[in-house]
Every structure is written in structure tokens, then in C-alpha cells.
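Worksheet for the structure shown next.
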Amino acid sequence: MLRTLARAYEGLVTLRRSGYERGLLRRVRLPVPVVSVGALSLGGSGKTPVASYLAAHLLDRGYRVGIVHRGYGATARAVMRVRSHDHGAIVGDEAVFHARRLPAAIVVRGADKERAARVAISEGAEVIVLDDGFQHLRLHRELDVVLADRPPTASPLEIVREGRSALHRADLLWAHGRDGLLPQVACDVASRLSAVSLLRTTGEVCGAAASLAGARVFLLGAIARPRAFIQLVAALGAAIVGRRFRRDHRRLEREDLALARASRPDLILCTEKDLARQSDELEGVYGLGCEVRVERGAERLAMALEGLLAGGRW
């Protein structure tokens, strides 16, 4: 069923792309530069942490940055500004993740990405970062970053949006190791996720990730690819005494917490995105704070961003 859905989705994307390439559909150019971060498949490729990394880099350069996200899994339908205190179940967990991580950024969520971007610009954004924008062809972008660190059909549960032939549209091919290991694939930029801190439900840092060494830990999460999270925690030296995962963007339920507590672990641990989704319902649960570490291609990335900000090519 999922494979059939994936083939149908890929066919629709191909049809739409053809419409834009032939000029049958109109592209929109915004008055500020746009960076798109996307992937070939749906969920778990590392788009959101990489988008956050790029936004942080641009903020450090002194630019006012707008981050546009669809708001997957949210109950809200309107285009709206997202703040760090907003509830992830209402506005989207990844949108709140960005707002918590980068309080200086202008985070706007909504299915209409053009309208969301214009809201961010109206509030002062000088550059837009599209989180999950590779298939959103209507918006012209100055830089297309695509996460593609492995063949996109490796999992039978993975929904593939486009085949690898679509990678020719990428300006930067970025391989990201969600499990903490550096991907050994051909790419322009290679990074890995590094666990650095323990977080309270508010997102406040309360300890170092290294303190998990030797601890008995139960893992909870509603994420696309839990295996990478398991490997990341195991690499810290934690003893994983149990785990419970649900589908990406879903709620963690009371029975999940009850199961975790019944194992009497030293710590119940989830991802930072899980905290953003339902922090008020996860009493006694901690999050694992992670950072993106660029290990290869830093100069190539710097050149691409210089070209973007200078209004030229690279």
C-alpha cells in the first residue's frame, strides 16, 4: 500500500515539475533570497536540523532570517507566526523546534509557503529558509540544498517523493548522519548529528549528554527513523532498557509513559522534537539536545552562502 502511494506521489511530483519546466505553471520570485532544504523522501532525512543550522549561520552573519515550515501534524490550518511557547500539537512540532532553537528567527508555519514567506518578510525577514522545500516548485529559490545520504528506497515504510534523477536540480547535495556517524557517500557537504546536552521539557539545558554513560535509559519518541536515535544514545554509553516509538508527528500517549516508568530507568529520554510537540504532557521526561557538525565541504557551503547573499551564483 505504501509503495503504491509512494509511486503515485512521485508521479504527481514529476508531472508538476514538468509543468514548471515548460512554463505552464508560474514560479514566484520573492524580494529576498530563498534557501530551500529538502529531500527525496518523506521524513527522517535530517531536513529540520540542517535548516536550523543554516538559519543559525545566517543569523550569525547579522541577517534577519525567516524560517518557513508547513507545520506537519498540527491541528492549526492558518498561516501564522510561531513562538517558542506555542504548543507543537497545534502549530507543528518542527516549527516550535525552530522557534525554541532560534528565538531571533522569524518562524512562520503554513501549507501555503508563499504566503508564509511573505508574512515573514513583512515582519522583517531579509532571507528565507524553507524547511522541506525541494518539491515546492512554485517558489523560486537561490539555493537548493538536498539531503540525500543513501538510496531513498531502503525502507519499505518510506514514502519516496522523487527518484535520484531529481538530484540534478540540487545546488548542494548534503549527506547527514542522523546516527552520529559521518556518511561515506559522494556529496558536496557532509555532516553528522552530535549529542551535546540533556533538556528539560521547556527546552532548557540541564546537563551534558555525556552524563548518560552507564545510565539505564528508556527511549520514547514519535519520529520517522528511530534506529538513528537508538544508535546515537547507545554511542553515549547508555544502557537502553526499553523503547517505545510511534509514527512521526504522532502523540505519545499515557500508556507509553506508563510503560517507560514501569521499567524503572534512571532516565526517560525522547528527542528535542518530541519535547516541542507536547512538553506539557511529558513530566519527568528529558530530551536529547543535538547539534549539526559539518565535517566535510565547509568551504563549499561558505561559497554557496556568499553567492546567495551577494545575489550572484557560485
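Following the order of the C-alpha cells, chains are lettered A, B, ..., residues in each are numbered from 1, and ligands are numbered from 1.
Within 8 Å of Leu193 of chain A, once only C-alpha atoms are used and residues closer than 2 positions along the same chain are dropped, the contacting residues are His176, Gly177, Arg178, Asp179, Gly180, Leu181, Ser191, Ala195, Cys290, Glu291, Val292 and Arg293 of chain A.
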Practice problem: Quick one: everything within 8 Å of Leu130 of chain A, counting only C-alpha atoms, minus sequence neighbours fewer than 2 positions away in the same chain. Send it as number ranges by chain. | Solution: A: 34-37, 51, 67-69, 128, 132-133
Restrict the calculation to only C-alpha atoms, then for each residue of segment 45-153 of chain A with any atom at most 6 Å from an atom of segment 23-33 of chain A give the closest atom pair and their distance in Å to one decimal, rows by chain and rising residue number, as a tab-separated table.
```
residue	atom	partner	partner_atom	distance
A:Glu126	CA	A:Val32	CA	5.8
A:Val127	CA	A:Pro33	CA	5.1
A:Arg138	CA	A:Arg27	CA	4.6
A:Leu139	CA	A:Val28	CA	5.0
A:His140	CA	A:Arg29	CA	5.1
```
Write a file of the just-selected residues containing C-alpha atoms, as a JSON list (two decimals), in the first residue's frame.
```json
[["chain", "number", "residue", "atom", "x", "y", "z"],
["A", 126, "GLU", "CA", 15.91, 39.54, 4.90],
["A", 127, "VAL", "CA", 16.40, 35.92, 3.82],
["A", 138, "ARG", "CA", 6.25, 27.43, -7.07],
["A", 139, "LEU", "CA", 8.74, 29.48, -5.05],
["A", 140, "HIS", "CA", 11.92, 30.42, -6.86]]
```
Exercise. Assign secondary structure with DSSP using the backbone only, and return the residues of segment 212-250 of chain A in alpha helix (DSSP H) as a VMD selection string.
Key: chain A and resid 226 to 235
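Counting only C-alpha atoms, the residue from A:Ala298, A:Leu40, A:Val129, A:Val79 that sits nearest to Asp188 of chain A is A:Ala298.
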Exercise. Excluding Ala210 of chain A and any residue of its chain fewer than 5 positions from it, enumerate the residues within 12 Å of it, using only C-alpha atoms, and give them as a PyMOL selection string.
Key: chain A and resi 194-198+215+232-238+288-290
Any chance you can output those residues with all heavy atoms as a compact mmCIF listing (two decimals), in the first residue's frame?
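The new file out-v4.txt reads:
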```
# COMPACT_ATOMS: atom_id res chain seq x y z
N SER A 194 25.51 15.44 16.53
CA SER A 194 26.30 15.24 17.74
C SER A 194 25.43 15.54 18.96
O SER A 194 24.87 16.63 19.09
CB SER A 194 27.52 16.18 17.73
OG SER A 194 28.26 16.07 18.92
N ALA A 195 25.29 14.56 19.85
CA ALA A 195 24.51 14.75 21.08
C ALA A 195 25.33 15.57 22.06
O ALA A 195 26.47 15.21 22.39
CB ALA A 195 24.16 13.40 21.69
N VAL A 196 24.77 16.68 22.53
CA VAL A 196 25.55 17.59 23.38
C VAL A 196 24.93 17.85 24.75
O VAL A 196 25.66 18.17 25.70
CB VAL A 196 25.80 18.94 22.67
CG1 VAL A 196 26.65 18.74 21.43
CG2 VAL A 196 24.49 19.61 22.31
N SER A 197 23.61 17.71 24.89
CA SER A 197 23.00 18.14 26.15
C SER A 197 21.74 17.36 26.48
O SER A 197 21.17 16.68 25.63
CB SER A 197 22.66 19.64 26.09
OG SER A 197 21.75 19.89 25.04
N LEU A 198 21.34 17.47 27.74
CA LEU A 198 20.05 16.98 28.19
C LEU A 198 19.15 18.20 28.40
O LEU A 198 19.59 19.24 28.90
CB LEU A 198 20.18 16.21 29.50
CG LEU A 198 20.93 14.88 29.44
CD1 LEU A 198 21.01 14.25 30.83
CD2 LEU A 198 20.26 13.93 28.46
N ALA A 215 24.14 5.05 32.34
CA ALA A 215 22.77 5.22 32.86
C ALA A 215 21.82 4.23 32.19
O ALA A 215 21.98 3.87 31.02
CB ALA A 215 22.30 6.65 32.63
N LEU A 232 22.41 6.73 18.34
CA LEU A 232 23.02 7.93 18.90
C LEU A 232 23.13 7.82 20.43
O LEU A 232 24.17 8.15 21.01
CB LEU A 232 22.16 9.14 18.52
CG LEU A 232 22.77 10.53 18.66
CD1 LEU A 232 23.99 10.69 17.77
CD2 LEU A 232 21.73 11.59 18.30
N VAL A 233 22.07 7.33 21.06
CA VAL A 233 22.08 7.18 22.52
C VAL A 233 23.02 6.06 22.95
O VAL A 233 23.77 6.19 23.92
CB VAL A 233 20.65 6.93 23.04
CG1 VAL A 233 20.66 6.65 24.54
CG2 VAL A 233 19.75 8.12 22.73
N ALA A 234 23.00 4.95 22.23
CA ALA A 234 23.88 3.83 22.56
C ALA A 234 25.34 4.24 22.48
O ALA A 234 26.17 3.80 23.29
CB ALA A 234 23.60 2.65 21.64
N ALA A 235 25.69 5.09 21.52
CA ALA A 235 27.07 5.53 21.36
C ALA A 235 27.55 6.37 22.54
O ALA A 235 28.76 6.51 22.77
CB ALA A 235 27.21 6.33 20.07
N LEU A 236 26.61 6.92 23.31
CA LEU A 236 26.97 7.70 24.51
C LEU A 236 27.31 6.79 25.69
O LEU A 236 27.73 7.28 26.74
CB LEU A 236 25.82 8.63 24.89
CG LEU A 236 25.53 9.77 23.90
CD1 LEU A 236 24.21 10.44 24.25
CD2 LEU A 236 26.66 10.79 23.91
N GLY A 237 27.10 5.49 25.53
CA GLY A 237 27.39 4.55 26.60
C GLY A 237 26.22 4.27 27.51
O GLY A 237 26.38 3.64 28.56
N ALA A 238 25.02 4.69 27.12
CA ALA A 238 23.83 4.42 27.93
C ALA A 238 23.39 2.97 27.74
O ALA A 238 23.57 2.38 26.67
CB ALA A 238 22.71 5.37 27.52
N LEU A 288 17.03 14.89 24.31
CA LEU A 288 18.44 14.87 23.93
C LEU A 288 18.70 16.02 22.97
O LEU A 288 18.17 16.06 21.86
CB LEU A 288 18.79 13.53 23.26
CG LEU A 288 20.27 13.31 22.93
CD1 LEU A 288 21.09 13.23 24.22
CD2 LEU A 288 20.45 12.04 22.10
N GLY A 289 19.50 16.98 23.42
CA GLY A 289 19.85 18.12 22.59
C GLY A 289 21.02 17.79 21.68
O GLY A 289 22.04 17.29 22.15
N CYS A 290 20.87 18.05 20.39
CA CYS A 290 21.89 17.70 19.41
C CYS A 290 22.26 18.90 18.55
O CYS A 290 21.48 19.83 18.40
CB CYS A 290 21.40 16.56 18.52
SG CYS A 290 21.01 15.03 19.40
```
Counting only C-alpha atoms, which residues in segment 168-250 of chain A sit no more than 9 Å from segment 264-281 of chain A? For each one, give the nearest pair of atoms and the distance in Å, sorted by chain then residue number, as a tab-separated table.
```
residue	atom	partner	partner_atom	distance
A:Leu198	CA	A:Leu269	CA	8.8
A:Leu199	CA	A:Glu272	CA	7.7
A:Arg200	CA	A:Leu275	CA	8.3
A:Thr201	CA	A:Ser279	CA	5.0
A:Thr202	CA	A:Ser279	CA	6.6
A:Gly203	CA	A:Leu275	CA	7.4
A:Leu212	CA	A:Leu267	CA	8.6
A:Ala215	CA	A:Asp266	CA	6.1
A:Arg216	CA	A:Asp266	CA	5.1
A:Val217	CA	A:Leu267	CA	5.0
A:Phe218	CA	A:Ile268	CA	4.9
A:Leu219	CA	A:Leu269	CA	5.0
A:Leu220	CA	A:Cys270	CA	4.9
A:Gly221	CA	A:Cys270	CA	5.4
A:Ala222	CA	A:Asp274	CA	6.7
A:Ile223	CA	A:Asp274	CA	8.0
A:Phe229	CA	A:Thr271	CA	7.9
A:Ile240	CA	A:Pro265	CA	8.8
A:Val241	CA	A:Pro265	CA	7.1
A:Gly242	CA	A:Pro265	CA	8.7
A:His249	CA	A:Arg277	CA	7.8
A:Arg250	CA	A:Arg277	CA	8.8
```
If you run DSSP on the backbone, which residues of segment 160-309 of chain A are strand (DSSP E), as a compact mmCIF listing (two decimals) with all heavy atoms, in the first residue's frame?
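states_16.txt written:
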```
# COMPACT_ATOMS: atom_id res chain seq x y z
N LEU A 172 23.37 22.07 -3.83
CA LEU A 172 24.25 21.41 -2.87
C LEU A 172 23.64 20.08 -2.46
O LEU A 172 22.49 20.03 -2.02
CB LEU A 172 24.44 22.26 -1.61
CG LEU A 172 25.36 23.47 -1.67
CD1 LEU A 172 25.41 24.14 -0.30
CD2 LEU A 172 26.77 23.09 -2.11
N LEU A 173 24.40 19.01 -2.63
CA LEU A 173 23.98 17.70 -2.15
C LEU A 173 24.61 17.50 -0.78
O LEU A 173 25.83 17.53 -0.64
CB LEU A 173 24.44 16.62 -3.13
CG LEU A 173 23.96 15.19 -2.83
CD1 LEU A 173 22.44 15.12 -2.85
CD2 LEU A 173 24.56 14.21 -3.84
N TRP A 174 23.76 17.29 0.23
CA TRP A 174 24.21 17.28 1.63
C TRP A 174 23.92 15.91 2.23
O TRP A 174 22.77 15.47 2.27
CB TRP A 174 23.46 18.37 2.39
CG TRP A 174 23.92 18.66 3.78
CD1 TRP A 174 24.16 17.77 4.78
CD2 TRP A 174 24.16 19.96 4.34
NE1 TRP A 174 24.53 18.40 5.93
CE2 TRP A 174 24.55 19.76 5.69
CE3 TRP A 174 24.07 21.25 3.85
CZ2 TRP A 174 24.85 20.81 6.54
CZ3 TRP A 174 24.36 22.30 4.69
CH2 TRP A 174 24.75 22.09 6.03
N ALA A 175 24.94 15.24 2.71
CA ALA A 175 24.78 13.96 3.40
C ALA A 175 24.87 14.20 4.90
O ALA A 175 25.82 14.81 5.38
CB ALA A 175 25.86 12.97 2.96
N HIS A 176 23.87 13.71 5.62
CA HIS A 176 23.80 13.97 7.06
C HIS A 176 23.64 12.68 7.84
O HIS A 176 22.72 11.88 7.57
CB HIS A 176 22.61 14.90 7.36
CG HIS A 176 22.45 15.23 8.81
ND1 HIS A 176 23.44 15.86 9.54
CD2 HIS A 176 21.42 15.01 9.67
CE1 HIS A 176 23.02 16.01 10.79
NE2 HIS A 176 21.82 15.50 10.89
N GLY A 177 24.53 12.45 8.80
CA GLY A 177 24.49 11.25 9.63
C GLY A 177 23.64 11.47 10.87
O GLY A 177 24.11 12.04 11.86
N VAL A 189 28.51 18.48 0.79
CA VAL A 189 28.66 18.78 2.22
C VAL A 189 28.29 17.52 3.00
O VAL A 189 27.30 16.85 2.67
CB VAL A 189 27.74 19.94 2.66
CG1 VAL A 189 27.90 20.23 4.15
CG2 VAL A 189 28.02 21.20 1.84
N ALA A 190 29.08 17.19 4.02
CA ALA A 190 28.78 16.04 4.87
C ALA A 190 28.80 16.49 6.33
O ALA A 190 29.69 17.21 6.76
CB ALA A 190 29.79 14.92 4.66
N SER A 191 27.78 16.05 7.07
CA SER A 191 27.67 16.41 8.48
C SER A 191 27.18 15.21 9.28
O SER A 191 26.75 14.21 8.72
CB SER A 191 26.71 17.59 8.66
OG SER A 191 25.39 17.22 8.27
N ARG A 192 27.26 15.35 10.57
CA ARG A 192 26.73 14.32 11.47
C ARG A 192 26.06 15.01 12.64
O ARG A 192 26.36 16.17 12.97
CB ARG A 192 27.83 13.39 11.97
CG ARG A 192 28.89 14.07 12.80
CD ARG A 192 29.99 13.12 13.24
NE ARG A 192 30.99 13.82 14.05
CZ ARG A 192 30.88 14.01 15.37
NH1 ARG A 192 29.80 13.56 16.01
NH2 ARG A 192 31.80 14.65 16.04
N LEU A 193 25.13 14.29 13.26
CA LEU A 193 24.46 14.81 14.44
C LEU A 193 25.31 14.47 15.67
O LEU A 193 25.80 13.35 15.81
CB LEU A 193 23.08 14.17 14.57
CG LEU A 193 22.00 14.98 15.32
CD1 LEU A 193 21.78 16.32 14.65
CD2 LEU A 193 20.71 14.18 15.36
N SER A 194 25.51 15.44 16.53
CA SER A 194 26.30 15.24 17.74
C SER A 194 25.43 15.54 18.96
O SER A 194 24.87 16.63 19.09
CB SER A 194 27.52 16.18 17.73
OG SER A 194 28.26 16.07 18.92
N ALA A 195 25.29 14.56 19.85
CA ALA A 195 24.51 14.75 21.08
C ALA A 195 25.33 15.57 22.06
O ALA A 195 26.47 15.21 22.39
CB ALA A 195 24.16 13.40 21.69
N VAL A 196 24.77 16.68 22.53
CA VAL A 196 25.55 17.59 23.38
C VAL A 196 24.93 17.85 24.75
O VAL A 196 25.66 18.17 25.70
CB VAL A 196 25.80 18.94 22.67
CG1 VAL A 196 26.65 18.74 21.43
CG2 VAL A 196 24.49 19.61 22.31
N SER A 197 23.61 17.71 24.89
CA SER A 197 23.00 18.14 26.15
C SER A 197 21.74 17.36 26.48
O SER A 197 21.17 16.68 25.63
CB SER A 197 22.66 19.64 26.09
OG SER A 197 21.75 19.89 25.04
N LEU A 198 21.34 17.47 27.74
CA LEU A 198 20.05 16.98 28.19
C LEU A 198 19.15 18.20 28.40
O LEU A 198 19.59 19.24 28.90
CB LEU A 198 20.18 16.21 29.50
CG LEU A 198 20.93 14.88 29.44
CD1 LEU A 198 21.01 14.25 30.83
CD2 LEU A 198 20.26 13.93 28.46
N LEU A 199 17.89 18.06 28.02
CA LEU A 199 16.97 19.19 28.05
C LEU A 199 15.77 18.88 28.93
O LEU A 199 15.24 17.77 28.93
CB LEU A 199 16.47 19.49 26.64
CG LEU A 199 17.51 19.72 25.56
CD1 LEU A 199 16.83 19.83 24.20
CD2 LEU A 199 18.34 20.96 25.85
N VAL A 205 18.55 23.67 28.97
CA VAL A 205 19.64 22.69 29.16
C VAL A 205 19.80 22.42 30.66
O VAL A 205 19.88 23.34 31.48
CB VAL A 205 20.95 23.23 28.57
CG1 VAL A 205 22.11 22.29 28.90
CG2 VAL A 205 20.84 23.40 27.06
N CYS A 206 19.86 21.13 31.00
CA CYS A 206 20.00 20.78 32.42
C CYS A 206 21.15 19.81 32.66
O CYS A 206 21.35 19.34 33.79
CB CYS A 206 18.70 20.17 32.95
SG CYS A 206 18.19 18.66 32.12
N GLY A 207 21.92 19.49 31.64
CA GLY A 207 23.05 18.59 31.82
C GLY A 207 23.71 18.28 30.50
O GLY A 207 23.25 18.70 29.43
N ALA A 208 24.80 17.54 30.58
CA ALA A 208 25.55 17.16 29.38
C ALA A 208 25.10 15.78 28.90
O ALA A 208 24.79 14.90 29.71
CB ALA A 208 27.04 17.15 29.66
N ARG A 216 20.80 3.79 32.95
CA ARG A 216 19.74 2.94 32.41
C ARG A 216 18.67 3.85 31.82
O ARG A 216 18.03 4.62 32.54
CB ARG A 216 19.16 2.05 33.50
CG ARG A 216 20.18 1.10 34.12
CD ARG A 216 19.59 0.31 35.29
NE ARG A 216 18.56 -0.63 34.83
CZ ARG A 216 17.26 -0.47 34.97
NH1 ARG A 216 16.79 0.63 35.57
NH2 ARG A 216 16.41 -1.38 34.54
N VAL A 217 18.48 3.78 30.52
CA VAL A 217 17.65 4.75 29.81
C VAL A 217 16.53 4.04 29.05
O VAL A 217 16.75 3.02 28.39
CB VAL A 217 18.51 5.57 28.82
CG1 VAL A 217 17.64 6.53 28.03
CG2 VAL A 217 19.59 6.33 29.57
N PHE A 218 15.32 4.60 29.15
CA PHE A 218 14.19 4.15 28.34
C PHE A 218 13.95 5.21 27.28
O PHE A 218 13.86 6.41 27.59
CB PHE A 218 12.93 3.97 29.20
CG PHE A 218 11.81 3.26 28.48
CD1 PHE A 218 11.54 1.93 28.75
CD2 PHE A 218 11.02 3.92 27.54
CE1 PHE A 218 10.51 1.25 28.10
CE2 PHE A 218 10.00 3.27 26.88
CZ PHE A 218 9.75 1.92 27.16
N LEU A 219 13.82 4.80 26.02
CA LEU A 219 13.65 5.73 24.92
C LEU A 219 12.20 5.82 24.47
O LEU A 219 11.54 4.80 24.27
CB LEU A 219 14.51 5.31 23.73
CG LEU A 219 16.01 5.18 23.97
CD1 LEU A 219 16.73 4.81 22.69
CD2 LEU A 219 16.58 6.47 24.55
N LEU A 220 11.72 7.05 24.31
CA LEU A 220 10.38 7.33 23.79
C LEU A 220 10.51 8.23 22.57
O LEU A 220 11.44 9.04 22.48
CB LEU A 220 9.54 8.06 24.83
CG LEU A 220 8.90 7.29 25.97
CD1 LEU A 220 8.17 8.27 26.88
CD2 LEU A 220 7.95 6.23 25.46
N GLY A 221 9.57 8.13 21.65
CA GLY A 221 9.60 9.05 20.53
C GLY A 221 8.52 8.79 19.51
O GLY A 221 7.98 7.69 19.42
N ALA A 222 8.21 9.83 18.76
CA ALA A 222 7.31 9.72 17.60
C ALA A 222 8.06 10.36 16.45
O ALA A 222 7.88 11.54 16.14
CB ALA A 222 5.98 10.42 17.87
N ALA A 239 22.80 2.42 28.80
CA ALA A 239 22.20 1.08 28.72
C ALA A 239 20.71 1.26 28.42
O ALA A 239 19.96 1.74 29.27
CB ALA A 239 22.40 0.34 30.03
N ILE A 240 20.29 0.91 27.22
CA ILE A 240 18.90 1.10 26.81
C ILE A 240 18.06 -0.07 27.34
O ILE A 240 18.20 -1.20 26.87
CB ILE A 240 18.80 1.22 25.29
CG1 ILE A 240 19.61 2.43 24.82
CG2 ILE A 240 17.34 1.36 24.86
CD1 ILE A 240 19.71 2.56 23.31
N VAL A 241 17.21 0.21 28.32
CA VAL A 241 16.45 -0.86 28.98
C VAL A 241 15.07 -1.07 28.35
O VAL A 241 14.37 -2.03 28.69
CB VAL A 241 16.29 -0.56 30.49
CG1 VAL A 241 17.66 -0.50 31.16
CG2 VAL A 241 15.53 0.75 30.71
N GLY A 242 14.69 -0.20 27.44
CA GLY A 242 13.40 -0.34 26.77
C GLY A 242 13.19 0.80 25.80
O GLY A 242 13.90 1.82 25.84
N ARG A 243 12.21 0.64 24.94
CA ARG A 243 11.92 1.70 23.98
C ARG A 243 10.48 1.58 23.49
O ARG A 243 9.91 0.50 23.45
CB ARG A 243 12.88 1.63 22.81
CG ARG A 243 12.81 0.34 22.03
CD ARG A 243 14.07 0.13 21.22
NE ARG A 243 13.96 -0.97 20.30
CZ ARG A 243 14.96 -1.56 19.69
NH1 ARG A 243 16.19 -1.13 19.92
NH2 ARG A 243 14.77 -2.55 18.85
N ARG A 244 9.91 2.73 23.14
CA ARG A 244 8.55 2.77 22.60
C ARG A 244 8.48 3.91 21.59
O ARG A 244 8.70 5.07 21.95
CB ARG A 244 7.54 2.98 23.73
CG ARG A 244 6.08 3.01 23.28
CD ARG A 244 5.61 1.65 22.78
NE ARG A 244 4.18 1.62 22.53
CZ ARG A 244 3.28 1.16 23.40
NH1 ARG A 244 3.69 0.71 24.58
NH2 ARG A 244 2.00 1.14 23.10
N PHE A 245 8.19 3.58 20.35
CA PHE A 245 8.14 4.59 19.30
C PHE A 245 6.81 4.55 18.57
O PHE A 245 6.23 3.48 18.37
CB PHE A 245 9.28 4.39 18.29
CG PHE A 245 10.64 4.62 18.88
CD1 PHE A 245 11.46 3.55 19.22
CD2 PHE A 245 11.10 5.91 19.11
CE1 PHE A 245 12.70 3.76 19.78
CE2 PHE A 245 12.35 6.13 19.66
CZ PHE A 245 13.16 5.05 20.00
N ARG A 246 6.36 5.73 18.20
CA ARG A 246 5.16 5.87 17.37
C ARG A 246 5.54 6.55 16.07
O ARG A 246 6.66 7.03 15.90
CB ARG A 246 4.09 6.67 18.11
CG ARG A 246 3.52 5.92 19.32
CD ARG A 246 2.33 6.64 19.93
NE ARG A 246 1.77 5.89 21.05
CZ ARG A 246 0.83 4.98 20.93
NH1 ARG A 246 0.33 4.69 19.73
NH2 ARG A 246 0.37 4.35 22.00
N LEU A 267 16.50 7.26 33.61
CA LEU A 267 16.08 8.40 32.81
C LEU A 267 15.16 7.95 31.68
O LEU A 267 15.41 6.91 31.06
CB LEU A 267 17.32 9.08 32.21
CG LEU A 267 17.20 10.54 31.76
CD1 LEU A 267 17.16 11.46 32.98
CD2 LEU A 267 18.40 10.90 30.89
N ILE A 268 14.10 8.72 31.44
CA ILE A 268 13.27 8.52 30.24
C ILE A 268 13.67 9.61 29.27
O ILE A 268 13.66 10.80 29.61
CB ILE A 268 11.77 8.61 30.56
CG1 ILE A 268 11.38 7.57 31.62
CG2 ILE A 268 10.94 8.41 29.30
CD1 ILE A 268 9.94 7.69 32.10
N LEU A 269 14.03 9.21 28.06
CA LEU A 269 14.63 10.14 27.10
C LEU A 269 13.86 10.14 25.78
O LEU A 269 13.49 9.08 25.26
CB LEU A 269 16.08 9.72 26.84
CG LEU A 269 16.96 10.71 26.06
CD1 LEU A 269 17.24 11.96 26.89
CD2 LEU A 269 18.28 10.05 25.67
N CYS A 270 13.61 11.34 25.25
CA CYS A 270 12.99 11.48 23.93
C CYS A 270 13.83 12.45 23.10
O CYS A 270 14.87 12.93 23.55
CB CYS A 270 11.55 11.95 24.06
SG CYS A 270 11.36 13.63 24.70
N THR A 271 13.37 12.76 21.91
CA THR A 271 14.09 13.73 21.07
C THR A 271 13.63 15.15 21.38
O THR A 271 12.59 15.37 22.01
CB THR A 271 13.85 13.45 19.58
OG1 THR A 271 12.49 13.78 19.25
CG2 THR A 271 14.10 11.98 19.24
N VAL A 285 10.24 13.53 31.78
CA VAL A 285 10.93 13.05 30.58
C VAL A 285 11.94 14.11 30.16
O VAL A 285 11.68 15.32 30.26
CB VAL A 285 9.93 12.78 29.44
CG1 VAL A 285 10.66 12.34 28.17
CG2 VAL A 285 8.92 11.73 29.87
N TYR A 286 13.10 13.66 29.68
CA TYR A 286 14.14 14.57 29.23
C TYR A 286 14.34 14.42 27.72
O TYR A 286 14.03 13.38 27.14
CB TYR A 286 15.46 14.29 29.96
CG TYR A 286 15.39 14.62 31.43
CD1 TYR A 286 14.88 13.70 32.35
CD2 TYR A 286 15.82 15.85 31.91
CE1 TYR A 286 14.79 13.99 33.70
CE2 TYR A 286 15.74 16.16 33.26
CZ TYR A 286 15.22 15.23 34.15
OH TYR A 286 15.14 15.53 35.48
N GLY A 287 14.86 15.47 27.11
CA GLY A 287 15.15 15.43 25.69
C GLY A 287 16.65 15.42 25.46
O GLY A 287 17.43 15.87 26.31
N LEU A 288 17.03 14.89 24.31
CA LEU A 288 18.44 14.87 23.93
C LEU A 288 18.70 16.02 22.97
O LEU A 288 18.17 16.06 21.86
CB LEU A 288 18.79 13.53 23.26
CG LEU A 288 20.27 13.31 22.93
CD1 LEU A 288 21.09 13.23 24.22
CD2 LEU A 288 20.45 12.04 22.10
N GLY A 289 19.50 16.98 23.42
CA GLY A 289 19.85 18.12 22.59
C GLY A 289 21.02 17.79 21.68
O GLY A 289 22.04 17.29 22.15
N CYS A 290 20.87 18.05 20.39
CA CYS A 290 21.89 17.70 19.41
C CYS A 290 22.26 18.90 18.55
O CYS A 290 21.48 19.83 18.40
CB CYS A 290 21.40 16.56 18.52
SG CYS A 290 21.01 15.03 19.40
N GLU A 291 23.47 18.84 18.00
CA GLU A 291 23.94 19.87 17.09
C GLU A 291 24.43 19.23 15.80
O GLU A 291 24.92 18.10 15.81
CB GLU A 291 25.11 20.67 17.72
CG GLU A 291 24.76 21.37 19.02
CD GLU A 291 23.81 22.54 18.84
OE1 GLU A 291 23.64 22.99 17.68
OE2 GLU A 291 23.26 23.02 19.84
N VAL A 292 24.30 19.95 14.69
CA VAL A 292 24.83 19.51 13.40
C VAL A 292 26.30 19.91 13.33
O VAL A 292 26.64 21.07 13.55
CB VAL A 292 24.05 20.14 12.24
CG1 VAL A 292 24.73 19.84 10.90
CG2 VAL A 292 22.61 19.64 12.23
N ARG A 293 27.16 18.94 13.03
CA ARG A 293 28.59 19.20 12.86
C ARG A 293 28.97 18.97 11.40
O ARG A 293 28.88 17.84 10.91
CB ARG A 293 29.42 18.25 13.73
CG ARG A 293 29.03 18.19 15.20
CD ARG A 293 29.39 19.45 15.94
NE ARG A 293 29.27 19.27 17.38
CZ ARG A 293 29.14 20.28 18.25
NH1 ARG A 293 29.14 21.53 17.81
NH2 ARG A 293 29.04 20.04 19.54
N VAL A 294 29.36 20.02 10.73
CA VAL A 294 29.80 19.89 9.33
C VAL A 294 31.26 19.42 9.34
O VAL A 294 32.13 20.11 9.88
CB VAL A 294 29.65 21.20 8.57
CG1 VAL A 294 30.29 21.10 7.18
CG2 VAL A 294 28.18 21.57 8.44
N GLU A 295 31.51 18.25 8.76
CA GLU A 295 32.84 17.64 8.78
C GLU A 295 33.54 17.74 7.43
O GLU A 295 34.77 17.69 7.36
CB GLU A 295 32.74 16.17 9.20
CG GLU A 295 32.05 15.93 10.53
CD GLU A 295 32.95 16.25 11.71
OE1 GLU A 295 34.12 16.63 11.49
OE2 GLU A 295 32.49 16.11 12.87
N ARG A 296 32.78 17.82 6.36
CA ARG A 296 33.37 17.96 5.02
C ARG A 296 32.56 18.97 4.21
O ARG A 296 31.33 19.05 4.36
CB ARG A 296 33.36 16.61 4.26
CG ARG A 296 34.25 15.55 4.82
CD ARG A 296 34.56 14.48 3.75
NE ARG A 296 33.40 14.01 3.04
CZ ARG A 296 32.67 12.93 3.37
NH1 ARG A 296 33.00 12.24 4.43
NH2 ARG A 296 31.63 12.58 2.65
```
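Note that the spacing between atom CA of Arg81 of chain A and atom CA of Gly66 of chain A amounts to 10.0 Å.
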Quick one: contact table of segment 97-121 of chain A to segment 41-49 of chain A, 12 Å max, nearest atom pair and distance in Å to one decimal per residue, counting only C-alpha atoms, chain and number order, as CSV?
```
residue,atom,partner,partner_atom,distance
A:Phe97,CA,A:Thr48,CA,8.6
A:His98,CA,A:Thr48,CA,8.1
A:Ala99,CA,A:Thr48,CA,11.8
A:Arg101,CA,A:Pro49,CA,9.9
A:Leu102,CA,A:Pro49,CA,11.5
```
